[in-house]
Amino acid sequence: MTTVRTHLLVCAGTGCVSCGAFGIRSGLEAEVRRRGLGGEVEVVATGCNGFCERGPIVVVQPDGVFYQRLAPADIPELVEEHLIKGRPVRRLMYVPPEEREPVPRMKDIPFFKHQRLIVLRNRGRIDPERIDDYIAADGYEAAAKALGEMTPEGIIAEITASGLRGRGGAGFPTGIKWEAARRAAGGPKYVVCNGDEGDPGAFMDRSVLEADPHSVIEGLIIGARAVGADRGFLYIRNEYPLAIDRVGKALEQARSYGLLGADILGTGFTFDLEIVRGAGAFVSGEETALIASIEGGRAYPRPRPPYPAQRGLWGRPTVINNVETWANIPSIVRRGADWFAGLGTAGSKGTKVFSLVGKIANTGLVEVPMGITLREIVHDIGGGVPGGRDVKAVQIGGPSGGCIPKSLFDLPIDFESLKSAGSMMGSGGMIVMDEDTCMVDIALYFLRFAEEESCGKCAPCRVGTGEMARILAKITEGRGGADDVARLEDLADTVRRGSLCGLGQTAPNPVLTTLRYFRDEYEAHVRDKRCPALVCKSLISFAIDPGACVGCQLCKKACPAAAISGEPKKVHIIDDRACIKCGICLNVCPPKFRAVRKTTPPASAGAAGSTAASGRAAASKPAGGGR
Amino acid sequence: MRPSETELATLTRKFKGQRRALIRVLQDVQERYGWLPPEALEHVAAALGVPLVRVYGVATFYRSFSLSPRGRHVCTVCLGTACHVRGGAAVLDGFERRLGVPAGRTTPDGRYTLERVNCLGACALAPLAVVDGRAHGRMDEGQVEAILAALEKDDPA
């Protein structure tokens with residue numbers, strides 16, 4: 001037995017790794033050895049903690065002290081003070097926005113305090129590359145129960161009673177899907193984990209696969225037993241190399257422990273899993289397209305029915321669930337359907353993992369009970385918008401979802417409420433937008449995405465999304481006509497009704513929701529040729545405030561278009577015709593001067609055709625406001 | 001780099017006649033050479049027993065495959081939604097201006113390939129650019145020059 005008294009848990013999710021977590025880990029290991037603490041202090045690399053904004057992160061256990069934004073230079077002090085002298089280092093702790101006192105313990109930090117962990121229960125607690133850690137945290141107990149004590153019918157009855165619905169977007173009841181595959185004639189049958197997380201701004205599946213791969217594998221074993229499958233596939237995006245690596249290691253370990261392969265746990269049940277790497281096509285996340293991709297072809301969707309539960313991979317019954325859905329299964333089997341159904345709302349049980357990103361103070365991954373309000377997520381957990389700006393909307397559900405305006409922030413979130421607001425749960429990306437975000441530009445962003453990712457099979461999707469994007473581009477360039485909004489709505493209807501799969505059917509949502517809640521912004525672009533958020537390049541200009549400019553020449557030197565002129569210590573001038581609207585001048589102007597202004601024409605009182613030249617300063621704001 | 005017959009034979013040996021393995025084998029080829037040379041496509045088609053037109057179809061469908069050689073250095077700018085709302089487009093503009101090629105292209109001297117990606121899932125670091133595998137978070141256009149200049153010190157044109 002070792003006598004480890006303290007664990008240093010280094011977050012090794014992609015966010016923290018990108019900002020140097022592995023350097024922190026090796027630095028800590030070296031320092032611990034150098035100070036002769038080798039036997040007492042152990043450094044462990046864990047999966048993603050979720051609080052990505054604050055990486056690299058180290059949590060000291062059992063003290064529960066949370067250190068953040070660590071640099072290699074901080075390591076000697078941390079080891080000396082905290083581990084040797086027993087004095088936690090306050091300057092490395094987290095200080096909530098607009099407060100002065102640090103919050104030492106992880107459990108007291110608002111970002112963590114309001115969460116409820118089921119899927120992410122092991123995050124930051126275990127080393128995802130050690131199966132023993134997972135087993136010590138009740139891992140594979142549910143698989144043993146399902147294989148040893150429960151019948152396949154019993155497992156499905158439990159999942160159905162829990163009310164679990166698919167976390168990949170559509171929210172189909174998991175138990176019903178399993179039941180259909182179980183009853184379907186013919187075999188062999190397959191189970192598939194959909195880890196082709198393509199929504200931009202969403203990374204919960206990646207985090208689960210990185211932080212707790214065995215929870216997904218255990219879920220798949222239980223599902224395979226329930227439907228009678230002996231083989232399964234984990235389809236993982238190629239852009240997630242760390243997740244692929246960790247799942248690969250987890251599979252090897254599970255095999256060596258007899259949890260995969262022939263005669264699992266001596267129950268006579270045989271099942272094994274294989275990783276399939278995606279190759280970079282958003283449409284692969286659609287289940288019939290995913291099947292085509294596993295079969296080695298282009299990821300083209302096909303009509304449903306027949307559903308994959310009846311005819312899936314190689315024409316055989318196949319259950320496809322998303323990563324988060326599978327990761328829920330072990331907890332439901334272990335703790336019972338009643339426990340799970342006790343969480344959430346009438347129609348949506350349990351929790352949901354969201355990635356909270358964009359204009360938000362606490363970027364990261366959060367798991368919250370269904371029924372929580374957006375206000376709680378954005379303000380209590382997310383810490384609001386940084387820089388004193390005002391939140392405008394939250395975009396939920398990726399390219400298929402929609403923008404929920406601030407006025408609806410008290411809406412309890414579940415599958416139904418989001419749908420009635422014109423959005424959808426999607427996989428759970430939440431992008432916070434503030435007053436500096438242009439909603440027409442966002443709609444254009446998503447339609448361009450849809451056009452690019454359309455597989456091309458259905459003309460309404462292939463041509464329609466492109467046509468919608470062209471109209472939106474025209475509007476953002478100030479060339480929008482009076483009937484363009486109506487044409488957008490008409491096209492949206494055609495694309496929605498004329499497309500085979502979810503990609504096309506939901507692609508118009510970002511346009512429809514922004515039109516529903518932010519029509520005034522469209523009108524400002526079309527009628528007044530102005531962009532109220534000061535984003536659309538054709539509708540803004542940059543100018544130097546003669547009263548504030550001291551002639552420091554920083555902007556003149558930085559301007560890539562040589563559009564700024566002026567002698568040293570004299571007021572500088574931007575030539576609007578040469579300006580490429582890159583905004584570098586605004587970024588480099590020192591905050592004490594704030595002489596560069598971004599402007600758009602003023603709002604008219606309804607009179608069409610007001611000229612862009614009149615009174616630019618009326619709708620301007622000083623440098624530095626938007627960043 | 002041009003592939004040799006023996007090397008291609010090694011890459012495909014385990015998958016003879018397995019149509020299902022097409023994507024996987026192409027991924028291995030792409031990883032080995034940085035792109036999919038035409039002779040490799042023909043070799044894979046023959047080895048797996050898949051018509052060349054189907055190999056070509058798959059190679060052009062998926063974004064991670066490249067049918068032209070890539071530069072010695074790869075700059076990837078993330079334009080996921082989080083990066084977009086935090087100014088990712090300006091970062092991409094900066095790279096395009098500095099390198100003189102639009103996203104998706106390689107500079108004529110073969111030094112750089114500029115890529116745009118729809119999300120790397122490291123949204124806390126938005127806007128994000130990855131240069132030769134190294135992540136540069138909370139980017140702005142002004143940092144582009146410094147990053148590339150540092151790179152060019154070790155690899156003069």
# chains A, B, ... in the order shown; residues from 1 in each chain; ligands from 1
>>> closest_atom_pairs(of="chain B", to="chain A", cutoff="6 Å", atoms="only C-alpha atoms", output="JSON lines")
{"residue": "B:Arg20", "atom": "CA", "partner": "A:Gly296", "partner_atom": "CA", "distance": 4.4}
{"residue": "B:Ala21", "atom": "CA", "partner": "A:Gly296", "partner_atom": "CA", "distance": 6.0}
{"residue": "B:Leu22", "atom": "CA", "partner": "A:Gly296", "partner_atom": "CA", "distance": 5.4}
{"residue": "B:Ile23", "atom": "CA", "partner": "A:Gly296", "partner_atom": "CA", "distance": 5.6}
{"residue": "B:Val58", "atom": "CA", "partner": "A:Arg298", "partner_atom": "CA", "distance": 5.3}
{"residue": "B:Tyr62", "atom": "CA", "partner": "A:Gly280", "partner_atom": "CA", "distance": 5.3}
{"residue": "B:Arg63", "atom": "CA", "partner": "A:Gly280", "partner_atom": "CA", "distance": 4.8}
{"residue": "B:Ser64", "atom": "CA", "partner": "A:Gly280", "partner_atom": "CA", "distance": 5.3}
{"residue": "B:Gly80", "atom": "CA", "partner": "A:Pro200", "partner_atom": "CA", "distance": 4.6}
{"residue": "B:Thr81", "atom": "CA", "partner": "A:Gly201", "partner_atom": "CA", "distance": 5.4}
{"residue": "B:Ala82", "atom": "CA", "partner": "A:Gly358", "partner_atom": "CA", "distance": 4.5}
{"residue": "B:Asn118", "atom": "CA", "partner": "A:Pro200", "partner_atom": "CA", "distance": 5.9}
{"residue": "B:Cys119", "atom": "CA", "partner": "A:Pro200", "partner_atom": "CA", "distance": 4.9}
{"residue": "B:Gly121", "atom": "CA", "partner": "A:Phe203", "partner_atom": "CA", "distance": 5.1}
{"residue": "B:Ala122", "atom": "CA", "partner": "A:Gly15", "partner_atom": "CA", "distance": 5.0}
{"residue": "B:Ala124", "atom": "CA", "partner": "A:Glu53", "partner_atom": "CA", "distance": 4.9}
{"residue": "B:Ala135", "atom": "CA", "partner": "A:Ser18", "partner_atom": "CA", "distance": 5.7}
>>> select_by_dssp(residues="stretch 476-619 of chain A", states="alpha helix (DSSP H)", output="ChimeraX atom specification")
/A:476,484-498,502-506,509-517,519-527,554-558,584-588
>>> write_last_selection(atoms="C-alpha atoms", output="PDB file, in the first residue's frame")
ATOM      1  CA  THR A 476     -25.852  42.243 -44.760  1.00  0.00           C
ATOM      2  CA  ASP A 484     -36.310  39.810 -49.556  1.00  0.00           C
ATOM      3  CA  VAL A 485     -37.587  38.913 -46.096  1.00  0.00           C
ATOM      4  CA  ALA A 486     -40.754  37.454 -47.585  1.00  0.00           C
ATOM      5  CA  ARG A 487     -38.673  35.449 -50.067  1.00  0.00           C
ATOM      6  CA  LEU A 488     -36.586  34.115 -47.195  1.00  0.00           C
ATOM      7  CA  GLU A 489     -39.699  32.936 -45.388  1.00  0.00           C
ATOM      8  CA  ASP A 490     -41.041  31.314 -48.518  1.00  0.00           C
ATOM      9  CA  LEU A 491     -37.765  29.513 -49.224  1.00  0.00           C
ATOM     10  CA  ALA A 492     -37.515  28.412 -45.595  1.00  0.00           C
ATOM     11  CA  ASP A 493     -40.824  26.640 -45.959  1.00  0.00           C
ATOM     12  CA  THR A 494     -39.728  24.869 -49.145  1.00  0.00           C
ATOM     13  CA  VAL A 495     -36.398  23.744 -47.691  1.00  0.00           C
ATOM     14  CA  ARG A 496     -38.062  22.495 -44.504  1.00  0.00           C
ATOM     15  CA  ARG A 497     -40.739  20.491 -46.289  1.00  0.00           C
ATOM     16  CA  GLY A 498     -38.739  19.282 -49.257  1.00  0.00           C
ATOM     17  CA  GLY A 502     -32.897  16.518 -40.367  1.00  0.00           C
ATOM     18  CA  LEU A 503     -30.139  18.697 -41.814  1.00  0.00           C
ATOM     19  CA  GLY A 504     -32.360  20.221 -44.483  1.00  0.00           C
ATOM     20  CA  GLN A 505     -35.575  20.064 -42.469  1.00  0.00           C
ATOM     21  CA  THR A 506     -34.105  22.186 -39.696  1.00  0.00           C
ATOM     22  CA  ASN A 509     -34.516  27.470 -38.120  1.00  0.00           C
ATOM     23  CA  PRO A 510     -31.755  30.022 -37.473  1.00  0.00           C
ATOM     24  CA  VAL A 511     -33.391  32.340 -40.021  1.00  0.00           C
ATOM     25  CA  LEU A 512     -36.933  31.743 -38.823  1.00  0.00           C
ATOM     26  CA  THR A 513     -36.132  32.369 -35.142  1.00  0.00           C
ATOM     27  CA  THR A 514     -34.100  35.488 -35.797  1.00  0.00           C
ATOM     28  CA  LEU A 515     -36.944  36.767 -37.982  1.00  0.00           C
ATOM     29  CA  ARG A 516     -39.409  35.929 -35.241  1.00  0.00           C
ATOM     30  CA  TYR A 517     -37.549  37.659 -32.433  1.00  0.00           C
ATOM     31  CA  ARG A 519     -37.204  41.336 -37.205  1.00  0.00           C
ATOM     32  CA  ASP A 520     -36.259  44.916 -36.392  1.00  0.00           C
ATOM     33  CA  GLU A 521     -32.618  44.090 -37.087  1.00  0.00           C
ATOM     34  CA  TYR A 522     -33.508  42.759 -40.538  1.00  0.00           C
ATOM     35  CA  GLU A 523     -35.519  45.918 -41.174  1.00  0.00           C
ATOM     36  CA  ALA A 524     -32.618  48.113 -40.082  1.00  0.00           C
ATOM     37  CA  HIS A 525     -30.374  46.383 -42.631  1.00  0.00           C
ATOM     38  CA  VAL A 526     -32.899  46.408 -45.451  1.00  0.00           C
ATOM     39  CA  ARG A 527     -34.554  49.776 -44.965  1.00  0.00           C
ATOM     40  CA  LEU A 554      -0.107  53.325 -33.697  1.00  0.00           C
ATOM     41  CA  CYS A 555      -3.157  52.939 -35.929  1.00  0.00           C
ATOM     42  CA  LYS A 556      -1.370  54.337 -38.939  1.00  0.00           C
ATOM     43  CA  LYS A 557       1.446  51.803 -38.552  1.00  0.00           C
ATOM     44  CA  ALA A 558      -0.927  48.904 -37.967  1.00  0.00           C
ATOM     45  CA  ILE A 584      -7.214  46.722 -36.317  1.00  0.00           C
ATOM     46  CA  CYS A 585      -7.058  50.482 -35.698  1.00  0.00           C
ATOM     47  CA  LEU A 586      -9.785  50.145 -33.087  1.00  0.00           C
ATOM     48  CA  ASN A 587      -7.881  47.330 -31.372  1.00  0.00           C
ATOM     49  CA  VAL A 588      -4.539  49.096 -31.271  1.00  0.00           C
TER      50      VAL A 588
END
>>> atom_distance(atom1="atom CA of B:Lys153", atom2="atom CA of B:Leu99")
15.8 Å
>>> atom_distance(atom1="atom CA of A:Ile159", atom2="atom CA of A:Ala337")
6.6 Å
>>> residues_around(residues="B:Val130", least_positions_apart="4", cutoff="6 Å", atoms="only C-alpha atoms", output="PyMOL selection string")
chain B and resi 75-76+134-136
>>> write_last_selection(atoms="N, CA and C atoms", output="PDB file, in the first residue's frame")
ATOM      1  N   CYS B  75      -1.946  26.059 -41.320  1.00  0.00           N
ATOM      2  CA  CYS B  75      -2.605  27.012 -40.427  1.00  0.00           C
ATOM      3  C   CYS B  75      -4.105  26.749 -40.493  1.00  0.00           C
ATOM      4  N   THR B  76      -4.705  26.451 -39.349  1.00  0.00           N
ATOM      5  CA  THR B  76      -6.129  26.175 -39.305  1.00  0.00           C
ATOM      6  C   THR B  76      -6.807  27.223 -38.441  1.00  0.00           C
ATOM      7  N   ARG B 134      -0.143  23.415 -33.014  1.00  0.00           N
ATOM      8  CA  ARG B 134      -0.079  24.170 -31.772  1.00  0.00           C
ATOM      9  C   ARG B 134      -1.242  25.163 -31.697  1.00  0.00           C
ATOM     10  N   ALA B 135      -1.977  25.125 -30.590  1.00  0.00           N
ATOM     11  CA  ALA B 135      -3.151  25.981 -30.452  1.00  0.00           C
ATOM     12  C   ALA B 135      -2.756  27.383 -30.003  1.00  0.00           C
ATOM     13  N   HIS B 136      -3.341  28.374 -30.666  1.00  0.00           N
ATOM     14  CA  HIS B 136      -3.158  29.760 -30.241  1.00  0.00           C
ATOM     15  C   HIS B 136      -4.539  30.309 -29.917  1.00  0.00           C
TER      16      HIS B 136
END
>>> closest_residue(among="B:His43, B:Arg98, B:Arg70, B:Arg105", to="B:Ser4", atoms="only C-alpha atoms")
B:His43
>>> select_by_dssp(residues="stretch 18-99 of chain B", states="strand (DSSP E or B)", output="PyMOL selection string")
chain B and resi 73-78
>>> closest_residue(among="B:Gln30, B:Val55, B:Asp155, B:Arg72", to="B:Asp109", atoms="only C-alpha atoms")
B:Arg72
>>> residues_around(residues="A:Gly23", least_positions_apart="4", cutoff="9 Å", atoms="only C-alpha atoms", output="list in words")
Val17, Gly27, Leu28, Ala71 and Pro72 of chain A
>>> residues_around(residues="stretch 4-6 of chain A", least_positions_apart="2", cutoff="9 Å", atoms="only C-alpha atoms", output="JSON, numbers by chain")
{"A": [1, 2, 8, 38, 39, 40, 41, 42, 43, 60, 61, 62, 63, 83]}
>>> residues_around(residues="stretch 319-323 of chain A", least_positions_apart="2", cutoff="9 Å", atoms="only C-alpha atoms", output="PyMOL selection string")
chain A and resi 166-169+174+177-178+180-181+189-197+204-206+208-209+216+223-224+227+234+287+308-310+312+317+325-328+427
>>> closest_residue(among="A:Glu252, A:Glu101, A:Glu81, A:Glu29", to="A:Glu129", atoms="only C-alpha atoms")
A:Glu252
>>> residues_around(residues="A:Phe112", least_positions_apart="3", cutoff="9 Å", atoms="only C-alpha atoms", output="list in words")
Gly50, Phe51, Met106, Lys107, Asp108, Ile109, Gln115, Arg116, Val366 and Ile381 of chain A
